[in-house]
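Presented below is the structure to which this report refers.
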Amino acid sequence: MSRFENVRASSDATDAFAGLSIEDQLKKHIINGVKKGLDSRLQTALETYTPLAIINDILLDGMKTVGELFGSGKMQLPFVLQSAEVMKTAVRFLEPLMERVEGSEKGSILLATVAGDVHDIGKNLVDIILSNNGYRVVNIGIKQPINTILDKYRESGCQVIGLSGLLVKSTLIMKENLLEMNSRNLSRVPVILGGAALTRSYVEQDLRNLYKGKVFYAQDAFEGLRVMEEIAATAHESAPEVETEDVPVERVRSHRLDVLDPSLYVFDGIRSDVVPLADSPALPFYGAKRHTNFDIFELYKYINPIALFRGQWQFKRPEGMGNVEFTAWLDAQARPVFERLQRELARVLEPKVVWGYFPCNSEGNDLIIYEEDERTERMRFSFPRQRDHRNLCLSDFFRPVGEAPDTVGFHVVTVGKKISEHEQKLFADGNYQDYLFVHGMGVETAEALAEYWHRQIRLEMGIGDQEPDDFRLMFSAKYHGSRYSFGYPACPNLEDQSKLFELLKPEQIGLELSEEFMLVPEQSTSAIIVHHPEAKYFNIR
């Protein structure tokens, strides 16, 4: 007590604004992400400035500083979104006092996730950053076909089209969309493309050779902002109709697309050095079952904090900070959010599982699934094979045709649709930071459920002999066998999920497939469970 008797609290947000001009106070609100006292300071600023001048000359200057801090690695994405929340709150306060002035917006963009793709977190982050930096954003959502995109573009009067997508297949749809815009003489429209499967070289080389107008790559929301500023600066110039030669389809490919190369599926006698097991686990049962009664707090234990904090929430290690300091910093910044959301989302998350076992044999690159009689073919999966290294293929981990049937497991897990509805409301209400946090929590809880249930399957199959005591080793797949999710390198064909639906009937736990064979709701995942002890993750090139 004596040590701290002369120490005064300095955390009151008001202290931080003392001695600053009203302009700098408002900028500090934006940069620090502080809502308390914002309305009264805006009211003071209105004595000197018009509402439009406050937005354009003061608040947007604060957002520019936020962008610079993020770009230099001095501000984390969650705090950027906190600043955007304050910006939106300020604009909402000022909008009723403003007369709409023609040309007051810096520019406009129509945003869409392309047909067949249900992912929108990246696109919505772009929406947040652009709309809070003075641009008009028309966000038309997910799974949008090109006809709808172009119709909404004309209706909205936007200057730019922004297309987003997470899937490798979405990059092909983007290419088709650009070709369609060429054919409709709409190449005067600048297009910005973004998404995890895209590469800069694919967009800036291949697609620029293909599209007759201007096409840009945006790695993240702030690069999208920079591109929009570049477009707005040259808006008075009309985009030239560039004549280009027809580009062969094989040139218009990202290196990320070669997992779809049909030649990888051709069996030519090559096989890896994997030796199938003489004895495989017996079928625990034939067919599929479901489970819907979970202790959500037990599932939370299976969440990988590194994947959540650094991957989903994008907390990055500040430059010059060591690992020990960063871990302590994460515990201070991210851990309280994680603990809060565990409580808040306990009634929102609805974990459910369907899983099952089937007799099988391999034949080349194919895995044959049998009926219950263990000899009548029910269906087959075809997997790609490595062209290098060990020439691995998933089928190699199972006994070949001619030997006794082997056993394969499958599962589909979900945490339900209420979490998607909850995060969509947060986004619509301008609660951007929690939108990011809740989205990441939903995704990683689904992954935790998959990890948890894979462990139950290992125990059920009698291969629980290598279970790690440390959860960190579980997150590194340090156990017997492996699970492979559809859409990833070893089993890249999302179309195979239609076969999975035939086997497991996931409709019974509220799941459906999109037209591009993606699981709906988004916070769901599927997998093939391979029991062979050599089965580990591998890439297909």
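If you're wondering about the labels, chains in the structure tokens are A, B, ... by order shown, residues count from 1 in each chain, ligands from 1 in order shown.
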Within 9 Å of range 79-99 of chain A, which residues of range 129-184 of chain A come that close, and what is the closest atom pair and distance in Å for each? Count only C-alpha atoms and give it as CSV.
```
residue,atom,partner,partner_atom,distance
A:Ile129,CA,A:Ala84,CA,7.0
A:Ser131,CA,A:Lys88,CA,8.5
A:Asn132,CA,A:Ala84,CA,6.1
A:Asn133,CA,A:Met87,CA,8.6
```
Shell around range 106-118 of chain A at 6 Å using only C-alpha atoms, local window under 4 positions removed, as a VMD selection string: chain A and resid 134 to 145 158 to 165 232 515 to 516
Residues near Glu68 in chain A, cut-off 12 Å, only C-alpha atoms, skip fewer than 3 positions along chain, as a PyMOL selection string: chain A and resi 31+61-65+71-76+80+222-223+225-226
Residues from the last selection, C-alpha atoms, saved as an mmCIF file, in the first residue's frame:
```cif
data_model
loop_
_atom_site.group_PDB
_atom_site.id
_atom_site.type_symbol
_atom_site.label_atom_id
_atom_site.label_comp_id
_atom_site.auth_asym_id
_atom_site.auth_seq_id
_atom_site.Cartn_x
_atom_site.Cartn_y
_atom_site.Cartn_z
ATOM 1 C CA ILE A 31 -6.267 6.581 -33.860
ATOM 2 C CA ASP A 61 -6.776 12.241 -41.703
ATOM 3 C CA GLY A 62 -6.954 10.149 -38.532
ATOM 4 C CA MET A 63 -7.860 7.075 -40.572
ATOM 5 C CA LYS A 64 -4.931 7.789 -42.879
ATOM 6 C CA THR A 65 -2.632 7.678 -39.856
ATOM 7 C CA GLY A 71 1.305 -0.672 -42.971
ATOM 8 C CA SER A 72 4.431 -0.137 -40.871
ATOM 9 C CA GLY A 73 3.489 -2.964 -38.492
ATOM 10 C CA LYS A 74 2.843 -0.596 -35.572
ATOM 11 C CA MET A 75 -0.897 -1.296 -35.309
ATOM 12 C CA GLN A 76 -2.637 -4.664 -35.199
ATOM 13 C CA VAL A 80 -7.563 -0.944 -36.823
ATOM 14 C CA PHE A 222 -5.223 -1.538 -47.082
ATOM 15 C CA GLU A 223 -3.756 -2.426 -50.443
ATOM 16 C CA LEU A 225 -7.485 1.282 -50.221
ATOM 17 C CA ARG A 226 -4.244 2.262 -51.965
#
```
Selected residue, from A:Lys536, A:Arg378, A:Lys478, A:Arg188, that lies nearest to Ala490 in chain A when counting only C-alpha atoms: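 Of A:Lys536, A:Arg378, A:Lys478, A:Arg188, the one nearest Ala490 in chain A, counting only C-alpha atoms, is A:Lys536.
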Residues near Ala346 in chain A, cut-off 10 Å, only C-alpha atoms, skip fewer than 4 positions along chain, as a list in words: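 Listed by chain and then number, they are Asp295, Ile296, Phe297, Tyr300, Leu341, Gln342 and Glu350 of chain A.
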Those same residues - C-alpha atoms - I'd like them written as a PDB file, in the first residue's frame.
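So out17.pdb came out as:
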```pdb
ATOM      1  CA  ASP A 295     -19.934 -29.843 -23.475  1.00  0.00           C
ATOM      2  CA  ILE A 296     -18.918 -26.682 -25.320  1.00  0.00           C
ATOM      3  CA  PHE A 297     -16.335 -25.799 -22.679  1.00  0.00           C
ATOM      4  CA  TYR A 300     -12.880 -25.011 -26.223  1.00  0.00           C
ATOM      5  CA  LEU A 341     -16.178 -15.065 -26.060  1.00  0.00           C
ATOM      6  CA  GLN A 342     -16.171 -18.556 -24.594  1.00  0.00           C
ATOM      7  CA  GLU A 350     -24.291 -25.557 -31.783  1.00  0.00           C
TER       8      GLU A 350
END
```
Residues of range 322-507 of chain A in strand (DSSP E), written as a count of residues only: 35
Pick from A:Val354, A:Met441, A:Ala282, A:Ala221, whichever lies nearest to Glu339 in chain A using only C-alpha atoms: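 Distance minimum relative to Glu339 in chain A lands on A:Met441.
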Top pick for closest residue to Val530 in chain A, considering A:Ile22, A:Ile463, A:Val189, A:Ile149 and counting only C-alpha atoms: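 Nearest to Val530 in chain A: A:Ile463.
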Filtered DSSP result for range 122-196 of chain A, state alpha helix (DSSP H), as a ChimeraX atom specification: /A:122-131,146-156,168-183
Using only C-alpha atoms, please write the residues we just selected to a file, as a short mmCIF file (atom, residue, chain, number, x, y, z; two decimals), in the first residue's frame.
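Here's the written file selection.cif:
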```
data_model
loop_
_atom_site.label_atom_id
_atom_site.label_comp_id
_atom_site.auth_asym_id
_atom_site.auth_seq_id
_atom_site.Cartn_x
_atom_site.Cartn_y
_atom_site.Cartn_z
CA GLY A 122 -11.92 -10.73 -46.33
CA LYS A 123 -14.45 -8.86 -48.46
CA ASN A 124 -16.15 -7.42 -45.40
CA LEU A 125 -12.83 -6.19 -44.03
CA VAL A 126 -12.32 -4.37 -47.33
CA ASP A 127 -15.81 -2.90 -46.93
CA ILE A 128 -14.95 -1.67 -43.42
CA ILE A 129 -11.67 -0.02 -44.42
CA LEU A 130 -12.93 1.60 -47.62
CA SER A 131 -16.26 2.83 -46.25
CA ILE A 146 -21.50 -12.35 -63.05
CA ASN A 147 -24.95 -11.35 -64.34
CA THR A 148 -25.99 -10.18 -60.87
CA ILE A 149 -22.66 -8.42 -60.32
CA LEU A 150 -23.01 -6.45 -63.55
CA ASP A 151 -26.68 -5.66 -62.97
CA LYS A 152 -25.95 -4.32 -59.48
CA TYR A 153 -22.95 -2.41 -60.83
CA ARG A 154 -25.16 -0.55 -63.30
CA GLU A 155 -27.89 0.08 -60.69
CA SER A 156 -25.46 1.41 -58.09
CA VAL A 168 -8.73 -22.04 -55.82
CA LYS A 169 -11.79 -22.54 -58.02
CA SER A 170 -12.83 -18.94 -57.35
CA THR A 171 -9.72 -17.75 -59.21
CA LEU A 172 -11.00 -19.54 -62.32
CA ILE A 173 -14.41 -17.93 -61.90
CA MET A 174 -12.71 -14.51 -61.65
CA LYS A 175 -10.97 -15.23 -64.95
CA GLU A 176 -14.29 -16.21 -66.55
CA ASN A 177 -15.90 -13.03 -65.19
CA LEU A 178 -13.19 -10.88 -66.81
CA LEU A 179 -13.68 -12.68 -70.13
CA GLU A 180 -17.43 -12.07 -69.88
CA MET A 181 -16.83 -8.36 -69.22
CA ASN A 182 -14.61 -8.26 -72.31
CA SER A 183 -17.36 -9.83 -74.40
#
```
Length of the CA of His29 in chain A to CA of Tyr49 in chain A vector [Å]: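 According to the coordinates, CA of His29 in chain A and CA of Tyr49 in chain A are separated by 17.2 Å.
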Nearest residue to Gly409 in chain A from the set A:Ser526, A:Ser362, A:Asn391, A:Gln219 (distances using only C-alpha atoms): A:Ser526
Nearest to Ile457 in chain A, chosen from A:Pro281, A:Leu166, A:Ser420, A:Ser476, with only C-alpha atoms counted in the distances: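 Under the stated criterion, the closest residue is A:Pro281.
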Nearest residue to Phe315 in chain A from the set A:Lys417, A:Arg347, A:Lys212, A:Arg335 (distances using only C-alpha atoms): A:Arg335
Coordinates-based distance that separates CA of Ala288 in chain A from CA of Lys505 in chain A (Å, one decimal):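 Here the two named atoms are 7.8 Å from each other.
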Length of the CA of Leu308 in chain A to CA of Pro492 in chain A vector [Å]: 24.0 Å
